[in-house]
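To start, the structure itself, in C-alpha cells.
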Amino acid sequence: MIKTIPLITKAAPALLFPLIAVCAQEKATIPPNVIIILADDIGYGDLGFNGEPTIRTPNADRLANNGIRFTDAHAVAATCTPSRYSLLTGHYAWRRKDTGIATGDAGMVIKPEQTTIADMFRAAGYATGAVGKWHLGLGATQGSQDWNGFITPGLVDIGFDYSYIMAATGDRVPCVFVENQRIVNLDPDDPISVSYKEPFPGEPLGKDHPEMLYVLKPSVNHGHDQAIVNGISRIGYMKGGKKALWVDEDIADNITHKAVRFIEENHKRPFFLYFATNDIHVPRVPHPRFAGKSGMGARGDAILQFDWSVGQILAALEKHGLAENTLIILTSDNGPVVDDGYQDRAVELLGNHRPWGDFRGGKYSNFEAGTRVPFVVSWPARIKQQASDALVSHIDIFASLSKLLGKTVPVGAAPDSRDQLNTLLGKDKKGRDYIIEQAGALSVSTAEWKYIVPGEGRAYRAITNTELGNSKEPQLYNLQKDKGEKNNLAAKHPEKVEELKAILDREKAKTH
C-alpha cells in the first residue's frame, strides 16, 4: 500500500484554506484543534462522569459536562497494542497476525507506507504531535533499533512532526523517553543495550535479587522479574543508559509537560495532538502529590494523577484562548485490570469501587468490560452537553475526523473506518449498526445483541482474576436486558446467532 497523502510543511499555510468552511454572511471559521487523550487501562467505571461515586475526577468530569458522554463506546481490542493500532490506522488489528502485545524492542507495527490519522492532519496543514505511551514498536524489525543513535523508521514516518514517547510501556524495557527518535539524556559513554532473548552478564534480575526491589515487587508470574530499574523489575533485559532512565514517579509530569509545550509552541496554527498517558498501567508509581490521596492505593492514586494531566491540558488551552475551538476526545485503550502483576495492594484497597461499572470482564476479556470504555467528545464551539447511547467504536475516529476536515480518506487508507462525525457531534443518536471487538476471540455487537465466536481459549485468567469470556460454545447476550452477560441465549435464538455470525463472516472475508 502506498501513501497517497502528501507531506505538508509548516511553510505552507496557504494549503489550509480548503479546510476553512465559509458560513453565509459570517466570517470564515478557524479549523479546530484536535486532541485525543488516550488513557491506559481505565475502565468504564473508573471516571466520575460514568456514575461511580467512589472516585473524583473533576477535570475529566468537566470535559464530560461540556461535551457528549457516550455510554456505548468501544475500543477495538481488549489489550493495548491492537487497540492503539486500530485507532490510529482505521484498520482492524485482527486482520494482521503481527499486532499482538508488542515487546519493547518490537519493530514498528504501523508500517511507514500505511496512512495514519497523523498523516491526514499533517496533509491538512496541521502541526502533529504524539506524546506519552507508544507501544507500537520502533525501527524496521524486532531488535534492530539503534538505541544509541537515530531510531528509524519512527513516528515522523507515520505523520507525526513531533514525538516524545515511551518506546513501549511502563513494565517493559527500555525504560527511557525517546524524543524525535533519539533517546533523551543519553550519555554516549554509557550506551544502552536491550534484549528480549537473553540477560546481560552481570546485570541483576528481579527474580534473583528481590532485595533490590525497594519500590515494587512482582505479584504473580507475569514476567515482571527481569531487568531492575528504579527498584522495580520489568519485562525484558537492558543495561547502560543510567542517565537516560526515567523516574517512574515523574512519568506523568514529564509527558504532561511535553504535551503542554506542544500546545504552547503551536497555539497560533491548527494542531493535532495524540496524548497517551501511562498512569494506570503497571507498575503504578504515582507522584508523591497523589500518593495516598484516593484511599484506593496506587491504582486509585494513578487515576487522580491522570485527571490532573487532563486538567493541565485544559489549562494550556484556556491560557491561549483555544478552549472553545478545540475538539477533545477522551477515552481509554481497553478495559480495566486491578492486579496486573505487581504488589501494589490494588485489589486489597479497591473497596466499593467498580472499575468495570455494571459490566462483566475487564482487560483481556471478550465480555463487555474488555472494550466498553469511557468516551467523551468535547468541542465547546459546536457541542452542547448531553449523554448519548449511540454505538461508537474507535475504528471510526479516523474517517470521522477526516470528514471534519472536509477531506476524503485516500484510497487504501483506513479501510475499516466509517464516517460517524454526526454521531460524535451529537446529531446522530444511533451510531453504528454493529461493532467488532477483539480479545481471545472476535465478537460482534449491535446496540442490543452481542455474539462471541466460539474458540479454544481459556475461560479464566487466574493471574489477573479476569473472566476472559472464551467458550467452545457460541455465546449470545441481550445487552439491553443483561448488561452483565449472565444469560447465554444462543440456544434460544439461533436465528440471531446466524445473523450476527453472517456479519462477522462478511467482514472477515474482506481482503484489506
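Just so we're on the same page: first chain in the C-alpha cells is A, next is B, and so on; residues restart at 1 for each chain, and ligands are numbered from 1 in the order they show up.
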Just want the 9 Å neighbourhood of A:Gly90, counted on only C-alpha atoms, with same-chain residues fewer than 3 positions away dropped. Output as a PyMOL selection string. chain A and resi 85-87+116-117+394-399+413-418
Print the selection's residues with N, CA and C atoms to a file, as a tab-separated table (two decimals), in the first residue's frame.
chain	number	residue	atom	x	y	z
A	85	TYR	N	-3.26	0.41	17.54
A	85	TYR	CA	-3.06	0.26	16.10
A	85	TYR	C	-4.34	0.59	15.35
A	86	SER	N	-5.46	0.03	15.77
A	86	SER	CA	-6.72	0.22	15.06
A	86	SER	C	-7.19	1.66	15.12
A	87	LEU	N	-7.02	2.30	16.27
A	87	LEU	CA	-7.44	3.70	16.41
A	87	LEU	C	-6.66	4.60	15.44
A	116	THR	N	-1.92	7.13	8.47
A	116	THR	CA	-2.45	7.24	9.81
A	116	THR	C	-3.29	8.52	9.95
A	117	ILE	N	-3.95	8.63	11.08
A	117	ILE	CA	-4.64	9.87	11.41
A	117	ILE	C	-3.67	11.04	11.36
A	394	HIS	N	-13.80	3.00	18.31
A	394	HIS	CA	-12.56	3.72	17.99
A	394	HIS	C	-12.20	3.61	16.52
A	395	ILE	N	-12.62	2.55	15.87
A	395	ILE	CA	-12.23	2.33	14.47
A	395	ILE	C	-12.69	3.47	13.58
A	396	ASP	N	-13.74	4.19	14.00
A	396	ASP	CA	-14.33	5.23	13.15
A	396	ASP	C	-13.78	6.62	13.42
A	397	ILE	N	-12.87	6.76	14.37
A	397	ILE	CA	-12.32	8.08	14.66
A	397	ILE	C	-11.60	8.65	13.43
A	398	PHE	N	-10.86	7.81	12.73
A	398	PHE	CA	-10.10	8.26	11.55
A	398	PHE	C	-11.03	8.89	10.51
A	399	ALA	N	-12.00	8.13	10.02
A	399	ALA	CA	-12.88	8.63	8.95
A	399	ALA	C	-13.72	9.81	9.42
A	413	ALA	N	-6.52	3.75	2.45
A	413	ALA	CA	-6.29	4.15	3.83
A	413	ALA	C	-7.52	3.85	4.69
A	414	ALA	N	-7.29	3.61	5.98
A	414	ALA	CA	-8.36	3.42	6.96
A	414	ALA	C	-9.51	2.57	6.41
A	415	PRO	N	-9.24	1.38	5.92
A	415	PRO	CA	-10.26	0.62	5.19
A	415	PRO	C	-11.46	0.19	6.02
A	416	ASP	N	-11.29	0.11	7.34
A	416	ASP	CA	-12.40	-0.33	8.19
A	416	ASP	C	-13.12	0.82	8.88
A	417	SER	N	-12.61	2.03	8.71
A	417	SER	CA	-13.18	3.19	9.38
A	417	SER	C	-14.35	3.76	8.59
A	418	ARG	N	-15.39	4.18	9.30
A	418	ARG	CA	-16.58	4.75	8.67
A	418	ARG	C	-16.86	6.12	9.25
Distance query A:Asp253 at most 12 Å, only C-alpha atoms, self and fewer than 2 positions along chain excluded, as a PyMOL selection string: chain A and resi 131-132+246-251+255-260+277-279+286-290+305-306+308-310+312-313
Contact residues around stretch 450-455 of chain A with only C-alpha atoms at 9 Å, ignoring same-chain residues under 3 positions, as a list in words: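 Everything that qualifies: Asn366, Phe367, Gly440, Ala441, Leu442, Ser443, Val444, Ser445, Thr446, Ala447, Arg458, Gly469, Asn470, Ser471, Lys472, Glu473, Pro474, Gln475, Leu476, Tyr477, Asn478, Leu479, Ala490, Lys496, Val497, Leu500 and Lys501 of chain A.
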Since we have the selection now, will you write its residues out, keeping C-alpha atoms, as a short mmCIF file (atom, residue, chain, number, x, y, z; two decimals), in the first residue's frame?
data_model
loop_
_atom_site.label_atom_id
_atom_site.label_comp_id
_atom_site.auth_asym_id
_atom_site.auth_seq_id
_atom_site.Cartn_x
_atom_site.Cartn_y
_atom_site.Cartn_z
CA ASN A 366 -14.34 -10.83 25.40
CA PHE A 367 -17.01 -9.64 27.80
CA GLY A 440 -9.29 -14.04 22.86
CA ALA A 441 -11.99 -14.36 20.21
CA LEU A 442 -13.86 -11.99 17.95
CA SER A 443 -17.30 -10.69 18.80
CA VAL A 444 -19.89 -8.61 17.03
CA SER A 445 -22.41 -6.38 18.76
CA THR A 446 -25.38 -4.26 17.88
CA ALA A 447 -26.94 -1.87 20.35
CA ARG A 458 -9.09 -20.17 28.42
CA GLY A 469 -15.31 -14.95 28.01
CA ASN A 470 -13.85 -17.71 25.86
CA SER A 471 -16.06 -20.75 25.31
CA LYS A 472 -16.24 -23.67 22.93
CA GLU A 473 -19.93 -22.85 22.56
CA PRO A 474 -21.46 -19.85 20.76
CA GLN A 475 -22.42 -17.06 23.12
CA LEU A 476 -25.28 -14.61 22.62
CA TYR A 477 -26.29 -11.91 25.08
CA ASN A 478 -29.04 -9.31 25.11
CA LEU A 479 -27.08 -6.31 26.34
CA ALA A 490 -27.56 -18.70 21.82
CA LYS A 496 -29.89 -14.15 15.89
CA VAL A 497 -26.64 -16.10 16.20
CA LEU A 500 -24.55 -11.81 13.71
CA LYS A 501 -22.23 -14.57 12.56
#
Give me every strand (DSSP E) residue in stretch 36-265 of chain A, going by DSSP on the backbone, as a ChimeraX atom specification. /A:36-39,67-74,127-133,162-166,177-179,182-183,193-195,228-229,232-233,237-239
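Between atom CA of A:Glu113 and atom CA of A:Ile158 lies a distance of 7.8 Å.
Nearest-residue note for A:Gly48: choosing from A:Ala127, A:Val392, A:Leu304, A:Ala118, the minimum distance belongs to A:Leu304, counting only C-alpha atoms.
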Can you pull out every residue from stretch 309-373 of chain A that DSSP, working from the backbone, puts in helix (DSSP H, G or I), and format the result as a VMD selection string? chain A and resid 309 to 319 368 to 370
Save the residues we just selected, C-alpha atoms, as a PDB file, in the first residue's frame?
ATOM      1  CA  SER A 309      -2.893  15.644  33.387  1.00  0.00           C
ATOM      2  CA  VAL A 310      -6.268  16.280  31.767  1.00  0.00           C
ATOM      3  CA  GLY A 311      -6.542  19.461  33.804  1.00  0.00           C
ATOM      4  CA  GLN A 312      -3.133  20.659  32.644  1.00  0.00           C
ATOM      5  CA  ILE A 313      -4.150  20.197  29.013  1.00  0.00           C
ATOM      6  CA  LEU A 314      -7.347  22.160  29.597  1.00  0.00           C
ATOM      7  CA  ALA A 315      -5.443  24.934  31.384  1.00  0.00           C
ATOM      8  CA  ALA A 316      -2.991  25.250  28.476  1.00  0.00           C
ATOM      9  CA  LEU A 317      -5.854  25.600  26.029  1.00  0.00           C
ATOM     10  CA  GLU A 318      -7.541  28.230  28.183  1.00  0.00           C
ATOM     11  CA  LYS A 319      -4.303  30.159  28.593  1.00  0.00           C
ATOM     12  CA  GLU A 368     -18.190  -6.028  27.700  1.00  0.00           C
ATOM     13  CA  ALA A 369     -15.784  -4.563  30.239  1.00  0.00           C
ATOM     14  CA  GLY A 370     -12.898  -5.579  27.989  1.00  0.00           C
TER      15      GLY A 370
END
When you draw a straight line from atom CA of A:Trp356 to atom CA of A:Val373, how long is it in Å?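 Calculated distance between atom CA of A:Trp356 and atom CA of A:Val373 is 8.8 Å.
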Find the residue from A:Asp340, A:Thr54, A:Gly206, A:Asn33 that sits nearest to A:Ile303; use only C-alpha atoms when measuring. A:Thr54
Pick from A:Lys427, A:Arg122, A:Arg354, A:Lys242 nearest to A:Ser193, counting only C-alpha atoms: A:Lys242
